[in-house]
Amino acid sequence: MIYTIENESMTVRIKARGAEVCSVVEKKTGREYMWNADPVYWGRTSPILFPFVGGLKNGGFSYAGTEYHIGKHGFARDMDFQLEKQEAESIWFSLEDTEETRKSYPFSFRLLAGYILHGTQLEVKWCVENRNDRTMYFALGGHPAFACPPSWQQGKRTDCSIWFDQPKQLVSELIGSDGLVSGEQKVYELRDGILPVTTGLFDRDALIMDQGQVHEIALCDLDNKPYVRVQFDADYVGVWSMPDDNASFICIEPWYGRCDNSDFQGSLEERKWGNRLEAGGVFEAGYTICFE
C-alpha cells in the first residue's frame, strides 16, 4: 500500500511497509528528489532505523542475563506500519511490538512516524512510547536517500558536492571491516563548508559525525547549487552511499544513536550509543528536509 500527501508545491508518496518515503516530486517541474531504490545498488529509499541504528557487536546484545540477536538497523524497516491519520498535507503511521519482535527485542513499544508538508519542506516526526514497567533502551534514525546527481541533470555522482554548516573541517568516525566503529578517525578539510564527492569517499562506509559538528547538510548539484537540505538536532549524523560511483544517490541520515564500537563488551544497559526511556515515558524526535 502506498499513500500520498500533497500541497500546491509537492507530492510525497509513502509506503506502508516501513512507513518509508519512496517519492518526493516538485509539481511545477516534475523533479523527483528521491533515489529510485534500484536493487542493483541499494533497494531502499528512506527506511526508518529502529530499535537500533547500525550493527551490534556479534550481531546482538545481552539484557537481564539473556542473549538476543537482531539484524543491522533493527526490524522496523521491514514491517508493515498501520495508518493512524491522514490529511491532505500530513500522515501518521504506527508500529507496535509483536510476539515475533519480542524474540529479538524484549520490550513493548509503540512507534509513531509522521510526515507533514510545509510548502517545499517535509517535516519528519517520530514518537516512541515505552509500554513497559522498566527502562527501555533503543536507538532511532532516518536513512533518506536522495538522487545524486539530481534526476534532472546529466552527470555523475562525483560531479556533485556536499555542504555542511561547518566551514573548515569535519572529523568522522571510521567503520571497520566488522561494520562497527573502529576507533579510528579521519579529518575532512572543507572549503566554505563544501566537501567534493570523490571516488573512494564511501570506501569505509558512512561518514559519521556527532551533533557538536553539524546540524544541517545539503547536496549540491553539478552547478554547485544546493538542491536538498536536511536540518536536524540529532546525536549523530551519517552521510552514506555505496562505494560504486555509479550508485547515483547519497543518504543524509540523522541518528539518535549509532552502532557499537568494535571493542564493546558490555550489556544493553551499558551501551553509550542510544537512548534510555523510563517506564511509561515518551521520546520525540525528527528532522526536516528542504527541497530547493
# chains A, B, ... in the order shown; residues from 1 in each chain; ligands from 1

call {"tool": "select_by_dssp", "arguments": {"residues": "stretch 50-103 of chain A", "states": "strand (DSSP E or B)", "output": "MDAnalysis selection string"}}
result
chainID A and resid 50 60:63 66:69 74 80 82:87 90:96

call {"tool": "write_last_selection", "arguments": {"atoms": "C-alpha atoms", "output": "tab-separated table (two decimals), in the first residue's frame"}}
result
chain	number	residue	atom	x	y	z
A	50	PHE	CA	14.60	1.11	14.92
A	60	GLY	CA	23.14	-8.91	19.19
A	61	PHE	CA	23.12	-7.84	22.82
A	62	SER	CA	22.88	-9.08	26.38
A	63	TYR	CA	19.98	-7.89	28.54
A	66	THR	CA	19.69	-13.23	28.25
A	67	GLU	CA	21.32	-13.03	24.81
A	68	TYR	CA	19.33	-11.59	21.91
A	69	HIS	CA	20.16	-11.48	18.21
A	74	GLY	CA	16.63	-3.37	13.57
A	80	ASP	CA	4.04	-3.03	7.87
A	82	GLN	CA	-0.64	0.91	10.42
A	83	LEU	CA	-2.22	4.10	9.13
A	84	GLU	CA	-3.21	6.28	12.09
A	85	LYS	CA	-4.37	9.50	10.46
A	86	GLN	CA	-4.20	11.10	7.02
A	87	GLU	CA	-4.98	14.62	5.89
A	90	SER	CA	0.14	15.17	6.60
A	91	ILE	CA	0.06	11.50	7.52
A	92	TRP	CA	0.82	9.40	10.60
A	93	PHE	CA	1.70	5.71	10.91
A	94	SER	CA	2.20	3.43	13.91
A	95	LEU	CA	4.10	0.25	14.71
A	96	GLU	CA	3.71	-1.84	17.85

call {"tool": "residues_around", "arguments": {"residues": "A:Val197", "least_positions_apart": "3", "cutoff": "10 Å", "atoms": "only C-alpha atoms", "output": "list in words"}}
result
Cys148, Lys156, Arg157, Thr158, Asp159, Cys160, Ser161, Ile162, Ile194, Gly200, Leu201, Phe202, Leu219, Cys220, Asp245 and Ile250 of chain A

call {"tool": "write_last_selection", "arguments": {"atoms": "N, CA and C atoms", "output": "compact mmCIF listing (two decimals), in the first residue's frame"}}
result
# COMPACT_ATOMS: atom_id res chain seq x y z
N CYS A 148 21.48 11.58 -6.67
CA CYS A 148 22.72 12.34 -6.80
C CYS A 148 23.57 11.71 -7.90
N LYS A 156 27.59 12.57 -13.23
CA LYS A 156 27.94 11.51 -12.32
C LYS A 156 27.86 12.01 -10.88
N ARG A 157 27.78 11.07 -9.95
CA ARG A 157 27.77 11.44 -8.54
C ARG A 157 29.00 12.27 -8.18
N THR A 158 30.11 11.94 -8.78
CA THR A 158 31.36 12.64 -8.46
C THR A 158 31.41 14.05 -9.04
N ASP A 159 30.39 14.46 -9.78
CA ASP A 159 30.29 15.85 -10.23
C ASP A 159 29.63 16.73 -9.17
N CYS A 160 29.11 16.12 -8.14
CA CYS A 160 28.37 16.83 -7.10
C CYS A 160 29.25 17.09 -5.88
N SER A 161 28.68 17.76 -4.90
CA SER A 161 29.39 18.04 -3.65
C SER A 161 28.41 18.07 -2.49
N ILE A 162 28.95 18.05 -1.28
CA ILE A 162 28.15 18.05 -0.06
C ILE A 162 28.53 19.28 0.75
N ILE A 194 32.19 23.06 1.89
CA ILE A 194 31.99 22.12 0.77
C ILE A 194 32.97 20.96 0.82
N GLY A 200 36.03 6.97 -3.95
CA GLY A 200 36.63 6.47 -2.71
C GLY A 200 36.08 7.10 -1.45
N LEU A 201 35.21 8.12 -1.58
CA LEU A 201 34.69 8.80 -0.38
C LEU A 201 33.96 7.84 0.55
N PHE A 202 33.26 6.85 -0.02
CA PHE A 202 32.46 5.93 0.79
C PHE A 202 33.07 4.53 0.88
N LEU A 219 22.99 18.71 -0.30
CA LEU A 219 23.61 18.17 -1.51
C LEU A 219 23.60 19.26 -2.56
N CYS A 220 24.73 19.40 -3.26
CA CYS A 220 24.87 20.43 -4.29
C CYS A 220 24.96 19.77 -5.66
N ASP A 245 30.84 4.38 -7.83
CA ASP A 245 30.48 5.72 -8.30
C ASP A 245 29.22 5.74 -9.15
N ILE A 250 22.92 9.68 -2.54
CA ILE A 250 23.63 9.93 -1.29
C ILE A 250 22.58 10.04 -0.19

call {"tool": "closest_residue", "arguments": {"among": "A:Met10, A:Met209, A:Leu277, A:Ile5", "to": "A:Glu253", "atoms": "only C-alpha atoms"}}
result
A:Met209

call {"tool": "closest_atom_pairs", "arguments": {"of": "stretch 80-199 of chain A", "to": "stretch 258-269 of chain A", "cutoff": "12 Å", "atoms": "only C-alpha atoms", "output": "tab-separated table"}}
result
residue	atom	partner	partner_atom	distance
A:Tyr105	CA	A:Leu268	CA	10.6
A:Pro106	CA	A:Leu268	CA	11.3
A:Arg134	CA	A:Glu269	CA	11.7
A:Thr135	CA	A:Glu269	CA	9.1
A:Met136	CA	A:Glu269	CA	9.0
A:Tyr137	CA	A:Glu269	CA	7.1
A:Phe138	CA	A:Leu268	CA	9.1
A:Ala139	CA	A:Arg258	CA	7.0
A:Leu140	CA	A:Arg258	CA	8.5
A:Gly141	CA	A:Arg258	CA	8.5
A:Gly142	CA	A:Arg258	CA	11.4
A:Glu173	CA	A:Asn261	CA	10.2
A:Leu174	CA	A:Asn261	CA	10.2
A:Ile175	CA	A:Ser262	CA	8.9
A:Gly176	CA	A:Ser262	CA	7.7
A:Ser177	CA	A:Ser262	CA	9.6
A:Asp178	CA	A:Ser262	CA	7.4
A:Gly179	CA	A:Cys259	CA	8.2
A:Leu180	CA	A:Ser262	CA	5.3
A:Val181	CA	A:Asn261	CA	4.6
A:Ser182	CA	A:Ser262	CA	5.5
A:Gly183	CA	A:Asn261	CA	7.1
A:Glu184	CA	A:Asn261	CA	10.4

call {"tool": "atom_distance", "arguments": {"atom1": "atom CA of A:Gln154", "atom2": "atom CA of A:Trp240"}}
result
21.3 Å

call {"tool": "closest_residue", "arguments": {"among": "A:Gly286, A:Gly43, A:Pro226, A:Gly65", "to": "A:Pro254", "atoms": "only C-alpha atoms"}}
result
A:Gly286

call {"tool": "closest_residue", "arguments": {"among": "A:Met242, A:Phe75, A:Tyr188, A:Ala234", "to": "A:Glu100", "atoms": "only C-alpha atoms"}}
result
A:Phe75

call {"tool": "atom_distance", "arguments": {"atom1": "atom CA of A:Ser248", "atom2": "atom CA of A:Ile217"}}
result
17.8 Å

call {"tool": "atom_distance", "arguments": {"atom1": "atom CA of A:Ala113", "atom2": "atom CA of A:Phe232"}}
result
15.8 Å

call {"tool": "residues_around", "arguments": {"residues": "A:Ser23", "least_positions_apart": "5", "cutoff": "7 Å", "atoms": "only C-alpha atoms", "output": "number ranges by chain"}}
result
A: 12-13, 32, 34

call {"tool": "write_last_selection", "arguments": {"atoms": "N, CA and C atoms", "output": "PDB file, in the first residue's frame"}}
result
ATOM      1  N   VAL A  12       4.187  13.785  -2.183  1.00  0.00           N
ATOM      2  CA  VAL A  12       5.006  12.828  -1.431  1.00  0.00           C
ATOM      3  C   VAL A  12       4.263  11.501  -1.355  1.00  0.00           C
ATOM      4  N   ARG A  13       4.980  10.421  -1.660  1.00  0.00           N
ATOM      5  CA  ARG A  13       4.405   9.084  -1.590  1.00  0.00           C
ATOM      6  C   ARG A  13       5.143   8.284  -0.523  1.00  0.00           C
ATOM      7  N   GLU A  32      11.972  14.727  -9.472  1.00  0.00           N
ATOM      8  CA  GLU A  32      11.973  13.696  -8.434  1.00  0.00           C
ATOM      9  C   GLU A  32      13.256  13.845  -7.618  1.00  0.00           C
ATOM     10  N   MET A  34      14.025  11.866  -4.742  1.00  0.00           N
ATOM     11  CA  MET A  34      14.449  10.679  -4.009  1.00  0.00           C
ATOM     12  C   MET A  34      15.103   9.650  -4.926  1.00  0.00           C
TER      13      MET A  34
END

call {"tool": "residues_around", "arguments": {"residues": "A:His73", "least_positions_apart": "2", "cutoff": "7 Å", "atoms": "only C-alpha atoms", "output": "VMD selection string"}}
result
chain A and resid 49 to 50 52 to 55 71 75

call {"tool": "write_last_selection", "arguments": {"atoms": "N, CA and C atoms", "output": "mmCIF file, in the first residue's frame"}}
result
data_model
loop_
_atom_site.group_PDB
_atom_site.id
_atom_site.type_symbol
_atom_site.label_atom_id
_atom_site.label_comp_id
_atom_site.auth_asym_id
_atom_site.auth_seq_id
_atom_site.Cartn_x
_atom_site.Cartn_y
_atom_site.Cartn_z
ATOM 1 N N LEU A 49 15.143 3.468 10.960
ATOM 2 C CA LEU A 49 16.026 2.564 11.678
ATOM 3 C C LEU A 49 15.575 2.496 13.138
ATOM 4 N N PHE A 50 15.118 1.318 13.566
ATOM 5 C CA PHE A 50 14.602 1.112 14.917
ATOM 6 C C PHE A 50 14.460 -0.383 15.166
ATOM 7 N N PHE A 52 17.452 -0.226 16.605
ATOM 8 C CA PHE A 52 18.888 0.055 16.618
ATOM 9 C C PHE A 52 19.284 0.727 15.321
ATOM 10 N N VAL A 53 20.365 1.467 15.389
ATOM 11 C CA VAL A 53 20.978 2.098 14.225
ATOM 12 C C VAL A 53 22.320 1.425 13.996
ATOM 13 N N GLY A 54 22.509 0.871 12.806
ATOM 14 C CA GLY A 54 23.753 0.160 12.523
ATOM 15 C C GLY A 54 23.772 -1.219 13.152
ATOM 16 N N GLY A 55 24.969 -1.769 13.263
ATOM 17 C CA GLY A 55 25.125 -3.119 13.774
ATOM 18 C C GLY A 55 25.522 -3.161 15.239
ATOM 19 N N GLY A 71 19.173 -8.043 13.583
ATOM 20 C CA GLY A 71 19.896 -7.617 12.396
ATOM 21 C C GLY A 71 20.257 -6.143 12.419
ATOM 22 N N PHE A 75 14.324 -3.922 13.004
ATOM 23 C CA PHE A 75 13.285 -4.584 12.206
ATOM 24 C C PHE A 75 12.202 -3.658 11.661
#

call {"tool": "residues_around", "arguments": {"residues": "A:Arg131", "least_positions_apart": "2", "cutoff": "9 Å", "atoms": "only C-alpha atoms", "output": "ChimeraX atom specification"}}
result
/A:107-110,129,133-134,136,279-281

call {"tool": "select_by_dssp", "arguments": {"residues": "stretch 84-183 of chain A", "states": "helix (DSSP H, G or I)", "output": "number ranges by chain"}}
result
A: 101-104, 157-159
